[in-house]
Amino acid sequence: MKVSEYSPEEFIRQVRRDSVLLHIGPFSVRVRSPLEDVAAGIHLHYEDYFVSDQEFADFHVTVEPPRGFRKWFHPQVNFIFDGYTPFKPLPCDQAFAMFEWGLNWCISSFAQDYFLLHAAVVEKNGFAAVLPAPPGAGKSTLCAGLVSRGWRLLSDELTLIPVNEPRQVIPVPRPISLKNASIDVMRDFAPGAVIGPIVRDTTKGTVAHMRAPAESVLRGCETARLKWIVFPQYKPASPTILAPRAKTRSFMEIATQSFNFSILGETGFGILKQVISDCDCCDFIYSDLDEAIATFDSLADGQQDICAA
Amino acid sequence: MHLDSKDLLALILVDLAVIKQLGLSQWDLLIRQARSAELLGRLYVLLEEQELLSHVPEAALRHLSAGARVTSRHAELISYEVGQIHKVLWQLGIPIIVLKGAAYVISDQPSAAGRMFSDIDILVPKGDLARVEKALARNGWISTHLDDYDQQYYRKWMHELPPLKHARRRTVLDVHHAILPETARLHPSPQKMLATSVAVPGFEDLYTLCPEDMVLHSTTHLFHDGELEHGLRDLVDIDALLCHFSSDTAFWKRIVERASELDLVRPLFYALHYASRILQTPVPQEVIAQVEKIGGPNQLTLNIMDWLFMRGLRPDHISCSDSFTGMARWMLYVRSHYLRMPAHLLIPHLFYKAFITPLNERKAEKLAVERPTIERLLAQAKTGQ
């Protein structure tokens with residue numbers, strides 16, 4: 001059954017009283033929350049996802065206010081992973097964002113069957129482009145732009161490369177986390193996109209989530225083949241520049257952006273070596289989103305060969 | 001199949017073949033209990049040994065193998081770290097004894113397989129402590145507890161230096177000069193333990209405790225000193241050590257004698273009692289009876305301890321708790337501190353920890369917020385804010 005088959009009221013009641021089991025990419029997440037914001041956020045952003053009554057869940061999460069007098073005075077919210085509280089509480093209006101960040105933490109801490117990379121990843125014609133970048137480099141904006149123009153969202157935050165199949169990427173299409181100026185940019189750029197409530201004063205600034213395109217969610221089981229690693233950087237008023245990047249430097253950067261390069265040890269080194277040799281690596285500077293997307297489209301159509309550049 | 005869900009993990013550890021009969025909801029619970037007990041990797045290794053992995057449903061297997069990935073990497077890193085520490089201290093000509101988990105890895109004990117590690121423990125002669133600390137500091141191991149009170153507390157009363165952390169690799173090292181605090185109720189002699197230590201093949205001046213002491217240290221840590229955070233995991237260690245060493249039949253006699261010699265009979269009794277009760281470790285009945293006779297608790301104490309430890313040794317997971325678990329854990333916590341130091345030292349210490357430490361932490365947090373980091377300053381300069 002899909003989330004959208006519940007009315008918002010029904011869904012909220014279910015999440016508050018009992019729990020729901022959401023299937024998100026290769027993971028199943030049992031979530032419970034007494035907070036309406038969380039249930040409503042899930043109902044809005046995950047409407048094309050399936051819920052089931054499967055008895056096994058990969059992650060059991062609860063988003064709830066801490067006990068005590070803070071209920072009435074600057075109310076807060078905790079993310080709880082099966083009884084364990086990995087983070088300090090946040091102000092209550094960040095409850096849905098906390099669910100999203102908490103879920104990122106679950107995947108990046110426990111899904112050790114994947115080489116886990118802090119990067120957005122999108123697909124076209126069966127091939128995937130990985131976009132690793134530090135926060136603030138314009139990775140999410142570029143990713144949101146691409147998926148509003150025909151690219152398929154595999155993930156905005158976590159690139160999952162199976163340890164035993166390091167040529168593939170496994171999709172986990174989830175809401176895209178837009179920060180600060182990029183919220184208005186996406187409103188103009190993709191008027192049809194569903195963007196949730198704006199939350200101010202988070203550690204990342206102002207944050208709003210954009211729903212993953214329905215098609216990306218429906219095709220959530222289709223893996224894609226790794227082809228490009230593009231290090232994006234937004235630079236105001238800059239022309240669009242796509243330039244090859246040394247494989248050695250790409251290797252080092254990806255190693256630092258990986259969540260479990262160290263945990264996977266020699267296996268991780270082997271996977272990364274394979275990924276870097278298989279992919280075209282390049283730096284990408286942009287300021288104009290339309291031009292940026294045109295560049296990516298020509299990559300996908302094979303008109304632009306980075307290796308030859 | 002009906003199994004008491006509170007003891008699911010322990011029941012499986014006793015008889016692995018039971019997994020063939022588990023339904024998916026029981027697998028869900030088993031994985032969660034094993035994760036909270038830090039026994040995912042261990043469970044994977046045990047199932048692999050018994051060739052039972054093919055009976056594990058796909059959804060659960062992912063978590064077990066993820067756990068095993070983490071623990072096998074831990075073992076690699078521990079070996080590497082021990083090598084690094086040895087390199088530093090070897091030049092000083094100071095013998096090092098590797099303790100607990102790191103010792104299991106370095107001496108290739110079956111208890112090392114699939115085990116999680118949070119730190120490395122070593123034991124050095126007390127007289128060499130200052131030299132050891134200096135040498136380690138020169139090579140990147142820095143004291144973590146920078147609070148003056150903590151520093152003093154450790155140095156004056158504890159059996160170890162404040163934990164050290166390697167500045168680059170972030171590994172934590174505990175340097176002990178004894179296995180219990182100076183103020184503790186029991187007084188095992190570190191000299192006696194040093195005297196019987198066993199050389200690790202392939203290293204010069206690197207040792208582990210002898211088998212009996214290795215078990216006694218583990219039991220002392222769990223039943224006299226520990227905070228029971230991962231009580232079941234520690235009991236699983238003891239179970240594996242006992243099973244391994246008792247293949248030599250003279251072992252039982254030796255460990256009982258050694259426990260008397262080191263003043264550690266009581267913790268040994270509890271370990272044998274609970275390992276055989278919870279994990280069905282094959283301890284001969286007459287050995288338990290003998291240890292009980294030499295230094296076991298009286299019946300009333302044992303009943304109270306059973307009430308506490310049968311709860312405290314379960315995984316710290318919601319599905320393993322009953323209405324008294326919280327109270328039992330709290331009482332065991334108080335007990336461990338009470339055994340650690342006499343009341344006239346303990347009460348001021350707990351007072352300081354309860355009221356002064358949080359105040360200092362809050363102050364430090366405030367300062368940290370007010371004092372921007374270099375990254376933040378650079379970022380602000382970049383964006384022109």
# chains A, B, ... in the order shown; residues from 1 in each chain; ligands from 1
$ residues_around --residues "Cys92 of chain A" --least-positions-apart "5" --cutoff "8 Å" --atoms "only C-alpha atoms" --output "number ranges by chain"
A: 65, 74-77
$ interface_residues --of "chain B" --to "chain A" --cutoff "7 Å" --atoms "only C-alpha atoms" --output "list in words"
Leu24, Ser25, Asp28, Ala66, Arg69, Val70, Arg73, His317 and Ile318 of chain B
$ write_last_selection --atoms "C-alpha atoms" --output "CSV table (one decimal), in the first residue's frame"
chain,number,residue,atom,x,y,z
B,24,LEU,CA,10.9,-12.7,10.9
B,25,SER,CA,9.6,-10.8,13.9
B,28,ASP,CA,13.9,-8.4,13.9
B,66,ALA,CA,27.7,-5.5,8.3
B,69,ARG,CA,32.8,-6.1,8.6
B,70,VAL,CA,33.1,-3.6,11.3
B,73,ARG,CA,38.4,-4.1,10.6
B,317,HIS,CA,17.6,-2.9,24.9
B,318,ILE,CA,13.9,-2.1,25.5
$ residues_around --residues "Pro211 of chain B" --least-positions-apart "3" --cutoff "12 Å" --atoms "only C-alpha atoms" --output "PyMOL selection string"
chain B and resi 99-100+103-104+107+109+193+196-199+207-208+214-218+238+241-248+250-252+254-255+258
$ select_by_dssp --residues "segment 157-270 of chain A" --states "strand (DSSP E or B)" --output "MDAnalysis selection string"
chainID A and resid 158:162 168:170 176:179 195 199:202 205:210 224:234 241:244 258
$ write_last_selection --atoms "C-alpha atoms" --output "compact mmCIF listing (two decimals), in the first residue's frame"
# COMPACT_ATOMS: atom_id res chain seq x y z
CA LEU A 158 24.10 9.26 0.03
CA THR A 159 25.64 7.36 -2.85
CA LEU A 160 25.38 3.62 -2.21
CA ILE A 161 27.83 1.44 -4.12
CA PRO A 162 27.36 -2.28 -3.34
CA GLN A 168 26.54 -0.06 -9.77
CA VAL A 169 24.73 2.53 -7.71
CA ILE A 170 21.69 1.58 -5.61
CA ILE A 176 16.14 16.79 -1.43
CA SER A 177 17.32 19.07 1.34
CA LEU A 178 17.44 22.63 0.01
CA LYS A 179 19.31 25.26 1.97
CA ILE A 195 8.55 21.99 -1.39
CA VAL A 199 12.52 25.83 8.80
CA ARG A 200 14.76 28.68 9.91
CA ASP A 201 17.84 28.80 12.16
CA THR A 202 18.99 25.24 11.80
CA GLY A 205 20.71 27.75 7.98
CA THR A 206 17.22 27.88 6.49
CA VAL A 207 16.13 24.47 5.25
CA ALA A 208 13.22 23.13 3.20
CA HIS A 209 12.75 19.72 1.67
CA MET A 210 11.73 19.13 -1.93
CA ALA A 224 22.39 2.50 -12.50
CA ARG A 225 25.89 2.09 -13.82
CA LEU A 226 28.59 4.43 -12.53
CA LYS A 227 29.99 6.60 -15.29
CA TRP A 228 30.87 10.09 -14.10
CA ILE A 229 32.18 11.67 -10.95
CA VAL A 230 31.58 15.39 -11.14
CA PHE A 231 32.82 17.71 -8.36
CA PRO A 232 30.40 20.63 -8.57
CA GLN A 233 31.03 24.14 -7.37
CA TYR A 234 28.63 27.04 -7.57
CA ILE A 241 33.29 25.11 -16.92
CA LEU A 242 33.66 21.36 -17.13
CA ALA A 243 37.27 20.26 -16.84
CA PRO A 244 38.92 16.89 -16.35
CA SER A 258 33.26 8.45 2.23
$ residues_around --residues "Ile24 of chain A" --least-positions-apart "5" --cutoff "12 Å" --atoms "only C-alpha atoms" --output "PyMOL selection string"
chain A and resi 2-3+29-31+42+45-52+57-59+100+103-104+107+154-155+170-175+212+216-221
$ write_last_selection --atoms "N, CA and C atoms" --output "compact mmCIF listing (two decimals), in the first residue's frame"
# COMPACT_ATOMS: atom_id res chain seq x y z
N LYS A 2 0.43 2.25 -0.77
CA LYS A 2 1.23 3.46 -0.84
C LYS A 2 0.83 4.46 0.25
N VAL A 3 1.77 5.32 0.60
CA VAL A 3 1.48 6.34 1.61
C VAL A 3 0.30 7.21 1.16
N VAL A 29 12.10 1.07 7.17
CA VAL A 29 12.24 1.93 8.34
C VAL A 29 10.92 1.94 9.10
N ARG A 30 10.98 1.53 10.35
CA ARG A 30 9.77 1.60 11.18
C ARG A 30 9.83 2.91 11.94
N VAL A 31 8.84 3.76 11.71
CA VAL A 31 8.89 5.08 12.33
C VAL A 31 7.64 5.34 13.15
N ILE A 42 6.15 13.25 6.47
CA ILE A 42 6.33 11.98 5.77
C ILE A 42 5.21 11.80 4.75
N HIS A 45 6.09 14.16 1.80
CA HIS A 45 7.30 13.91 1.02
C HIS A 45 7.44 12.48 0.54
N TYR A 46 6.78 11.56 1.20
CA TYR A 46 6.97 10.14 0.85
C TYR A 46 5.70 9.54 0.26
N GLU A 47 4.86 10.36 -0.40
CA GLU A 47 3.55 9.85 -0.80
C GLU A 47 3.62 8.69 -1.78
N ASP A 48 4.68 8.60 -2.59
CA ASP A 48 4.76 7.52 -3.57
C ASP A 48 5.48 6.28 -3.04
N TYR A 49 5.82 6.29 -1.78
CA TYR A 49 6.53 5.15 -1.19
C TYR A 49 5.54 4.13 -0.66
N PHE A 50 6.04 2.89 -0.52
CA PHE A 50 5.17 1.84 -0.01
C PHE A 50 5.32 1.67 1.50
N VAL A 51 4.19 1.40 2.13
CA VAL A 51 4.25 0.96 3.52
C VAL A 51 3.79 -0.49 3.53
N SER A 52 4.22 -1.25 4.52
CA SER A 52 3.78 -2.64 4.59
C SER A 52 3.68 -3.05 6.04
N ALA A 57 12.25 -4.86 10.28
CA ALA A 57 12.64 -3.53 9.82
C ALA A 57 14.13 -3.34 10.01
N ASP A 58 14.76 -2.65 9.06
CA ASP A 58 16.19 -2.39 9.19
C ASP A 58 16.45 -1.38 10.31
N PHE A 59 15.63 -0.34 10.35
CA PHE A 59 15.85 0.71 11.34
C PHE A 59 14.54 1.00 12.07
N GLU A 100 14.82 13.32 8.77
CA GLU A 100 15.62 13.13 7.56
C GLU A 100 17.11 12.96 7.91
N LEU A 103 17.77 9.69 9.60
CA LEU A 103 17.76 8.57 8.66
C LEU A 103 19.09 8.51 7.89
N ASN A 104 19.62 9.66 7.53
CA ASN A 104 20.95 9.68 6.91
C ASN A 104 21.97 9.02 7.83
N ILE A 107 21.60 5.15 7.88
CA ILE A 107 22.16 4.50 6.70
C ILE A 107 23.67 4.57 6.72
N LEU A 154 18.76 9.47 -7.77
CA LEU A 154 19.11 8.25 -7.03
C LEU A 154 19.30 8.59 -5.56
N SER A 155 19.94 9.73 -5.32
CA SER A 155 20.00 10.25 -3.95
C SER A 155 20.56 11.66 -3.95
N ILE A 170 23.02 1.94 -6.07
CA ILE A 170 21.69 1.58 -5.61
C ILE A 170 20.94 2.86 -5.25
N PRO A 171 19.74 3.05 -5.80
CA PRO A 171 19.01 4.29 -5.49
C PRO A 171 18.42 4.29 -4.07
N VAL A 172 18.46 5.44 -3.42
CA VAL A 172 17.64 5.72 -2.23
C VAL A 172 17.01 7.08 -2.45
N PRO A 173 16.02 7.17 -3.35
CA PRO A 173 15.47 8.49 -3.68
C PRO A 173 14.65 9.04 -2.53
N ARG A 174 15.17 10.07 -1.89
CA ARG A 174 14.48 10.69 -0.76
C ARG A 174 14.36 12.18 -1.00
N PRO A 175 13.60 12.88 -0.15
CA PRO A 175 13.46 14.33 -0.36
C PRO A 175 14.82 15.02 -0.44
N ALA A 212 10.93 14.13 -3.82
CA ALA A 212 11.58 13.45 -4.94
C ALA A 212 10.57 13.26 -6.06
N SER A 216 11.22 8.96 -10.13
CA SER A 216 12.42 8.45 -9.45
C SER A 216 12.04 7.46 -8.36
N VAL A 217 10.95 7.74 -7.66
CA VAL A 217 10.53 6.85 -6.59
C VAL A 217 10.02 5.53 -7.17
N LEU A 218 9.21 5.63 -8.25
CA LEU A 218 8.66 4.42 -8.87
C LEU A 218 9.76 3.51 -9.39
N ARG A 219 10.82 4.12 -9.90
CA ARG A 219 11.92 3.32 -10.45
C ARG A 219 13.01 3.07 -9.40
N GLY A 220 12.61 3.14 -8.12
CA GLY A 220 13.56 3.03 -7.01
C GLY A 220 14.32 1.72 -6.93
N CYS A 221 13.87 0.69 -7.68
CA CYS A 221 14.59 -0.59 -7.63
C CYS A 221 15.60 -0.75 -8.76
$ residues_around --residues "segment 183-189 of chain B" --least-positions-apart "5" --cutoff "12 Å" --atoms "only C-alpha atoms" --output "MDAnalysis selection string"
chainID B and resid 125:126 153:154 156:159 177:178 194:196 213 216:217 220:221 223:225 258:267 335:346
$ write_last_selection --atoms "N, CA and C atoms" --output "short mmCIF file (atom, residue, chain, number, x, y, z; two decimals), in the first residue's frame"
data_model
loop_
_atom_site.label_atom_id
_atom_site.label_comp_id
_atom_site.auth_asym_id
_atom_site.auth_seq_id
_atom_site.Cartn_x
_atom_site.Cartn_y
_atom_site.Cartn_z
N PRO B 125 54.52 -1.46 34.70
CA PRO B 125 54.89 -1.33 36.11
C PRO B 125 54.68 0.10 36.58
N LYS B 126 54.18 0.26 37.82
CA LYS B 126 53.81 1.59 38.30
C LYS B 126 54.99 2.55 38.27
N TYR B 153 41.72 13.11 40.03
CA TYR B 153 40.98 11.93 40.47
C TYR B 153 41.65 10.66 39.94
N TYR B 154 41.93 10.67 38.64
CA TYR B 154 42.57 9.50 38.05
C TYR B 154 43.92 9.25 38.70
N LYS B 156 45.27 10.20 41.48
CA LYS B 156 45.36 9.92 42.90
C LYS B 156 44.72 8.57 43.25
N TRP B 157 43.58 8.29 42.68
CA TRP B 157 42.82 7.13 43.16
C TRP B 157 42.74 5.96 42.20
N MET B 158 42.87 6.21 40.92
CA MET B 158 42.56 5.14 39.96
C MET B 158 43.76 4.26 39.69
N HIS B 159 43.49 3.17 38.97
CA HIS B 159 44.53 2.21 38.63
C HIS B 159 45.04 2.45 37.22
N HIS B 177 48.27 0.62 35.75
CA HIS B 177 49.39 0.10 36.55
C HIS B 177 48.90 -0.96 37.53
N ALA B 178 47.58 -1.17 37.54
CA ALA B 178 46.99 -2.23 38.35
C ALA B 178 45.65 -2.56 37.70
N LEU B 194 52.35 -9.42 36.74
CA LEU B 194 53.47 -9.14 35.84
C LEU B 194 54.42 -10.34 35.81
N ALA B 195 54.62 -10.94 36.98
CA ALA B 195 55.62 -12.01 37.09
C ALA B 195 55.27 -13.23 36.24
N THR B 196 53.96 -13.49 36.05
CA THR B 196 53.60 -14.71 35.32
C THR B 196 53.14 -14.41 33.88
N ASP B 213 45.08 -15.47 34.70
CA ASP B 213 44.95 -14.05 35.01
C ASP B 213 44.08 -13.33 33.98
N LEU B 216 40.68 -14.00 35.06
CA LEU B 216 40.39 -13.29 36.31
C LEU B 216 40.25 -11.79 36.08
N HIS B 217 41.06 -11.26 35.18
CA HIS B 217 40.94 -9.84 34.90
C HIS B 217 39.57 -9.53 34.28
N THR B 220 36.93 -9.81 36.93
CA THR B 220 37.01 -8.70 37.88
C THR B 220 36.42 -7.45 37.27
N HIS B 221 36.75 -7.24 36.00
CA HIS B 221 36.25 -6.06 35.32
C HIS B 221 34.72 -6.07 35.28
N PHE B 223 32.54 -8.03 37.20
CA PHE B 223 31.77 -8.23 38.43
C PHE B 223 32.26 -7.40 39.62
N HIS B 224 33.33 -6.66 39.42
CA HIS B 224 33.79 -5.87 40.57
C HIS B 224 33.96 -4.41 40.24
N ASP B 225 34.13 -4.10 38.97
CA ASP B 225 34.58 -2.76 38.63
C ASP B 225 33.75 -2.15 37.52
N ARG B 258 44.80 -19.60 41.77
CA ARG B 258 45.24 -18.26 41.41
C ARG B 258 44.28 -17.20 41.95
N ALA B 259 43.00 -17.49 41.89
CA ALA B 259 42.01 -16.54 42.40
C ALA B 259 42.23 -16.29 43.89
N SER B 260 42.55 -17.34 44.64
CA SER B 260 42.82 -17.16 46.07
C SER B 260 44.07 -16.31 46.26
N GLU B 261 45.08 -16.63 45.47
CA GLU B 261 46.35 -15.93 45.58
C GLU B 261 46.20 -14.43 45.31
N LEU B 262 45.34 -14.09 44.34
CA LEU B 262 45.20 -12.69 43.93
C LEU B 262 44.03 -11.98 44.62
N ASP B 263 43.36 -12.65 45.54
CA ASP B 263 42.24 -12.02 46.24
C ASP B 263 41.06 -11.75 45.30
N LEU B 264 40.84 -12.66 44.34
CA LEU B 264 39.78 -12.43 43.34
C LEU B 264 38.78 -13.58 43.29
N VAL B 265 38.55 -14.22 44.43
CA VAL B 265 37.67 -15.39 44.44
C VAL B 265 36.21 -14.99 44.17
N ARG B 266 35.79 -13.88 44.78
CA ARG B 266 34.38 -13.50 44.64
C ARG B 266 34.01 -13.20 43.18
N PRO B 267 34.78 -12.35 42.50
CA PRO B 267 34.42 -12.12 41.08
C PRO B 267 34.46 -13.41 40.26
N ARG B 335 26.69 -0.02 43.15
CA ARG B 335 27.54 -1.07 43.71
C ARG B 335 28.97 -0.97 43.16
N SER B 336 29.08 -0.77 41.84
CA SER B 336 30.42 -0.77 41.26
C SER B 336 31.23 0.40 41.83
N HIS B 337 30.58 1.52 42.08
CA HIS B 337 31.31 2.64 42.67
C HIS B 337 31.64 2.39 44.13
N TYR B 338 30.70 1.74 44.83
CA TYR B 338 30.91 1.45 46.24
C TYR B 338 32.10 0.49 46.40
N LEU B 339 32.22 -0.46 45.45
CA LEU B 339 33.34 -1.40 45.52
C LEU B 339 34.65 -0.72 45.14
N ARG B 340 34.52 0.36 44.41
CA ARG B 340 35.68 1.05 43.91
C ARG B 340 36.36 1.89 44.98
N MET B 341 35.57 2.57 45.76
CA MET B 341 36.16 3.44 46.77
C MET B 341 35.25 3.56 47.99
N PRO B 342 35.87 3.80 49.17
CA PRO B 342 35.07 3.92 50.39
C PRO B 342 34.18 5.16 50.36
N ALA B 343 33.12 5.12 51.16
CA ALA B 343 32.09 6.16 51.10
C ALA B 343 32.63 7.58 51.29
N HIS B 344 33.62 7.75 52.15
CA HIS B 344 34.08 9.12 52.41
C HIS B 344 34.79 9.72 51.19
N LEU B 345 35.19 8.87 50.25
CA LEU B 345 35.74 9.39 48.99
C LEU B 345 34.66 9.43 47.92
N LEU B 346 33.80 8.39 47.98
CA LEU B 346 32.82 8.22 46.91
C LEU B 346 31.78 9.34 46.90
#
$ residues_around --residues "Leu232 of chain B" --least-positions-apart "2" --cutoff "6 Å" --atoms "only C-alpha atoms" --output "ChimeraX atom specification"
/B:230,234-235,313-314
$ write_last_selection --atoms "N, CA and C atoms" --output "PDB file, in the first residue's frame"
ATOM      1  N   HIS B 230      28.077  -3.122  28.566  1.00  0.00           N
ATOM      2  CA  HIS B 230      27.969  -4.253  27.643  1.00  0.00           C
ATOM      3  C   HIS B 230      28.217  -5.540  28.402  1.00  0.00           C
ATOM      4  N   ASP B 234      30.661  -8.911  27.658  1.00  0.00           N
ATOM      5  CA  ASP B 234      31.775  -9.291  28.520  1.00  0.00           C
ATOM      6  C   ASP B 234      31.619 -10.721  29.018  1.00  0.00           C
ATOM      7  N   LEU B 235      30.371 -11.117  29.269  1.00  0.00           N
ATOM      8  CA  LEU B 235      30.131 -12.497  29.702  1.00  0.00           C
ATOM      9  C   LEU B 235      30.436 -13.472  28.555  1.00  0.00           C
ATOM     10  N   LEU B 313      22.712  -8.124  33.215  1.00  0.00           N
ATOM     11  CA  LEU B 313      23.526  -8.772  32.186  1.00  0.00           C
ATOM     12  C   LEU B 313      22.764  -8.989  30.883  1.00  0.00           C
ATOM     13  N   ARG B 314      21.501  -8.555  30.847  1.00  0.00           N
ATOM     14  CA  ARG B 314      20.789  -8.616  29.565  1.00  0.00           C
ATOM     15  C   ARG B 314      21.232  -7.450  28.705  1.00  0.00           C
TER      16      ARG B 314
END
$ residues_around --residues "Gln290 of chain B" --least-positions-apart "4" --cutoff "10 Å" --atoms "only C-alpha atoms" --output "PyMOL selection string"
chain B and resi 253+256+269+285-286+294-296
$ atom_distance --atom1 "atom CA of Ala135 of chain B" --atom2 "atom CA of Lys192 of chain B"
25.4 Å
$ atom_distance --atom1 "atom CA of Arg277 of chain B" --atom2 "atom CA of Glu292 of chain B"
14.8 Å
$ closest_residue --among "B:Pro315, B:Pro110, B:Gly202, B:Pro190" --to "Val45 of chain B" --atoms "only C-alpha atoms"
B:Pro110
$ atom_distance --atom1 "atom CA of Asp290 of chain A" --atom2 "atom CA of Arg187 of chain A"
14.3 Å
